[in-house]
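Below is one structure; the comments refer to it alone.
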Amino acid sequence: MDTLILLVPLLPLVGFALLGLFGKQLAYLDNGEGMIGSLASATVGASFLIALYVFVQMASGAVAPQTVSLFTWIHAGSFSIDLAYKVDQLSVLFTLIITGVGFLIHVYSIGYMHGDQSFFRFFTYLNLFIFMMLNLVLADNYVVTFLGWEGVGLSSYLLIGFWYDRKFDGVSIIWTGDAAKKAFIFNRIGDFGMLLAMFTIYAMFGTLRYDEVNTLALASNASGFFPNGSAYSVGIITAVALLLFLGCTGKSAQIPLFVWLPDAMAGPTPVSALIHAATMVTSGIFLIARTAPIFALSQTAMTTVAVIGVATALLAATMGLVQNDIKKVLAYSTVSQLGFMFAALGVGAYTAAVFHVMTHAFFKACLFLGSGSVIHGMHEEQDIQKMGGLKQYMPVTYRTFLIASIAISGIVPFAGFFSKDEILWNVFEHGSPVLWGLLVVAAFCTAFYMFRLVHLTFSGQERFDTHHTHPHESPKTMTVPLMILAFLSVVGGLVGIPHALGHPLHVGNWIEHWLEPVFSAANNQLGRVSGGEIHSIEYVLILVSLVVAIAGIFLATSLYKSASVRPAELAESFSGVYNLLWRKYFIDEFYYGVVFNMLSKFSTSVLWKTVENKVVDGAVNGIADGVGGVSGAIRTVQTGIVQNYAFVMVLGIIAIMTWLLLG
Amino acid sequence: MRPNLFYGLPVDLFYGLPIVLMTFVCLAAIVVSALLRNNSKVVFVFSCVGLVAVIGAACLLFPNGTAFQGMISVGVYSSFFDILFCSAALLVMIAGRSYLQRMEFEFDEFYLLILLATSGMMLMAHANHLLITFIGIEVMSVSFYVLAAYMRTKTLSVEAGLKYFLLGAFATGFLLYGMALVYGATGGAMEFGAIRSAVGREPSSLLLMAGTGLIIVGLCFKVAAFPFHSWAPDVYQGAPTVVTAFMSTAGKAAALSAFYTLMNALIPDGSPEATKIYMLLAVISAASMLFGNIVAATQTNVKRMLAYSSVAQAGYMMMGLVAGTKAGMTGMMMYLASYMFTQIGALVVASIIETKYGENLEFSDYAGLSKSQPALAGLMALFMFSMVGIPPLAMFFGKYYLFTAAIDAGFTWLAVVAAVATVISAYFYLGLIVTMYFKQQNEGQAVLQTEPGLSGITLVLSASGVIMLGLLPALLVKLTTLGL
């Protein structure tokens, strides 16, 4: 067991090392691409199989959740951190998602990246990402999570800027490298919050292990004292929770730090699918789920998470209505869906949030890979205004894309239906009807923009030059992963059938049961009972969300399916609203124009020209000149004449004896 | 009481096994060399095997105790130094063979003298008696005098040997005089335990203070601490490069091993005298660090730069003495080991680049090395990074343990001085890297032809040492504290 779980992150690391060191040599061989791609995929695939085995063992009760400590990582005084992995229901589930979806995307990338001049570099980064992501979710303590947290940030940066010589259009962004930097910097702001949270936790609780911190936090609420002796104050818990949440808003693209994610689409499409849809951006959900008891102790923090989640869900969904870049629609959709998950966390519906992470990984990865297939078939065209009628050229891509779109819209019995309704119901029951209403609007927008995307891309007439562009279906390495993900998008929701529907049929809610031990402490704190009784209003809510989704699909279909409607004309008739949405509520402009410019001016005139050039450089150069002068002077003493040396020694002896005997 | 016989052998032979074996290897090597004239290869192989055997014997990690009527002490401390000295000797011998062959100056005596010096060093670390300390120091020093002047046809080398001998004799005089005064002040005690109890009874004797002061002078000369360092730059520059590598690492380590045990015996706990002595050592340490690094900053010759910086390194090592605690000792041992790998590695790189006529030792000769000799440049950069103390390389942890030990002992100011000195040192250590990687080769300079030969083994071993000690410092620390 110990060694098995160790292999899960180790294999991708080995893959990373091998490809990083020898990838370039491999690339020169015949069929080098095949070897590189198979090696990278095999490491992740093997990790998946091992994780599956561990999962089965755990599900059958043969293996209990446990902590596997590899070695003492940092030891300084009384501070000690182990490189330890916590294998429990939550981390195993995340590991399965990461390695499973990750494996499919690796395979897909073999086809997608075919012929790229840096083929090996892509897979090197991809394996590094998987390794870091596994550290993030398997961590037994905050520090190991932070290692992964920073590591995925780095791999994300490297992969967004993978085609560093390509242009990318955005607010004050010209090159893909700028988009990579933007992602990195926005993430750093969040990381700063997470660091501060870790410092506070260590100061208050004297440990950074999740289990201990969670237990101690609940215990100090009961006893009235923190382990470090100071009186318990909910303010500190709130501060810790909000700082952690700041980290989550960076990594998981929530208000106020969400603006980097749409620009992260500058990276190759498999990257968008893996990192910016299925896995990395769900780190924030993982972190809050892991630290659920801390959040449960602070009503303020819970409310903040819920409100931010709902606001992000709605804001991003409306932005998605007007995008014309196939990947950007999906990017805003991801931001919006992540908002749904945070809304669930904010009302204490941890299981629903994790459930949605899983189903979202399936259908959003499928959508992104489908969009990649379209882009591939259309020779790097991403503008849906220049597509249309592609379903006859790319039948597999079309069908899988359609399935995933139905899933994300929330039509029964596709995967998205179950997880989204779980969230909506919980927000209604434990949050407020207002938040629920806003989420329903967001759900409507979701259905609308998804089918706008489907129809503009695949239906109607070809809006591209059929003489020059010849769309074609993608190779098997790309379509097979699409089919698997589409299949999962259909059936993935069945692991979480709500009681309201499952009870009459005697079907249990498996995922709730599975995750129950992980969240029991937080649920107790919140006074929640698992299982719960069935409320008749739940049926009404399910019906409402179904109707709303169907309405969204219907409206989009009627507007965009016929060949006559052009997005541009539609935009003109709603020019005011359209412009606001098209410019993304001017948030990027605000960040750039106000925050960035102020910082930049201050840095240039004060920090650079004054502090750096005059104060720091002046001091450094002054000292250097001083040292040089002294040194030159001393050099002359070193004459090379032995008598002089002996004389210096005698002076030293006199000084020493004077000090010891007379001093 | 322990038994007098061990497997039928006198138990002293068992306790003193590393030393006995080393002495035997020395003598046997001399015989081998005399029997097989002009067959350096055999002597070389024999010496190497002998050193490995001694390392093996030292690895047995004897329980703490004394042997030969309390003349030598045995334990983890002395075993650690045995291994350190023999490893240094081994690394230097391997590199030395190819170096001397290239210089066309290979004679058996080189190996014999290294072996002899090593046996002297081991005596210093094992000494439990003033006389043994002195014998050890002299065996080592005399071997060094000859080794420094080894290239007897080269003026610089001969000058180095002569200078070292004259000043060394001068310093030995003070050391011996100090020992005599201690002997008198303690009423005839020469064994360290006896000295320690005598010092504890009557700490404030002026005679004892004078003796202690003179012993400090003598040992400061051996470690090349300020202001008794003036021989070091000339000798280190003039001596054959591999000899410099040996003297500046193992030689210093030996002097410090004796320094620590002597100070342990001579400094009474908690008295005003102890404070005075510790303050003196702290001032010497601080002055060495600052002086060595400031002067090294303006050197243009790589060997001379390393020579001056080794004065500063002596200052760092003495921080462990200043702390006077177990942590200080551990830090010092850790630092000595990491410095050994780093300095030997750096000097062996220099010895490979050096030409037969002692050229190519200037900074400017290293310009563009990263292009002409990427492997050598990379190794040199590794060693220089270690010297500065960049984690996770060996000397970072050496410095880390020494600094914390000094701070815990109340010498925060010394740690601050050490940090400042380290910043200064970054200038010239990194300066060499800048020269290698960012400066263009001088026009008209011949393309460097090198044949590392056996030196390559030393380089690989040193580099692995630098990396391993950096990655797993806890292992060595655990070793140094074992059984204490």
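Please note that chains go A, B, ... in the order of the structure tokens, that every chain numbers its residues from 1, and that ligands are numbered from 1 in the order shown.
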Compile the residues of chain B that lie within 6 Å of chain A, evaluated using only C-alpha atoms, and express the compilation as a list in words.
Pro227, Phe228, Ser230, Ile294 and Val295 of chain B
Please run DSSP on the backbone and report, as a ChimeraX atom specification, all residues within stretch 4-149 of chain B that come out as strand (DSSP E or B).
/B:5-6,9-10,65-67,72-74,127,129
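Checking A:Gly496, A:Gly388, A:Gly416, A:Gly148 one by one against A:Gly460, counting only C-alpha atoms, you find the shortest gap at A:Gly388.
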As an exercise, work out the distance from atom CA of A:Val329 to atom CA of A:Ala317 in Å and give it to one decimal place.
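Distance between the two atoms: 9.0 Å.
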Could you tell me, as a ChimeraX atom specification, which residues of stretch 528-657 of chain A DSSP assigns to alpha helix (DSSP H) when given the backbone?
/A:536-560,567-573,575-582,587-590,597-602,617-635,642-657
Contacts of B:Leu280 at 10 Å or less, counting only C-alpha atoms, minus same-chain residues fewer than 5 places along, as a PyMOL selection string?
(chain A and resi 656+659-660) or (chain B and resi 213+216+274-275+285-286+322)
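Between atom CA of B:Ala250 and atom CA of B:Ala125 the interatomic distance comes to 11.3 Å.
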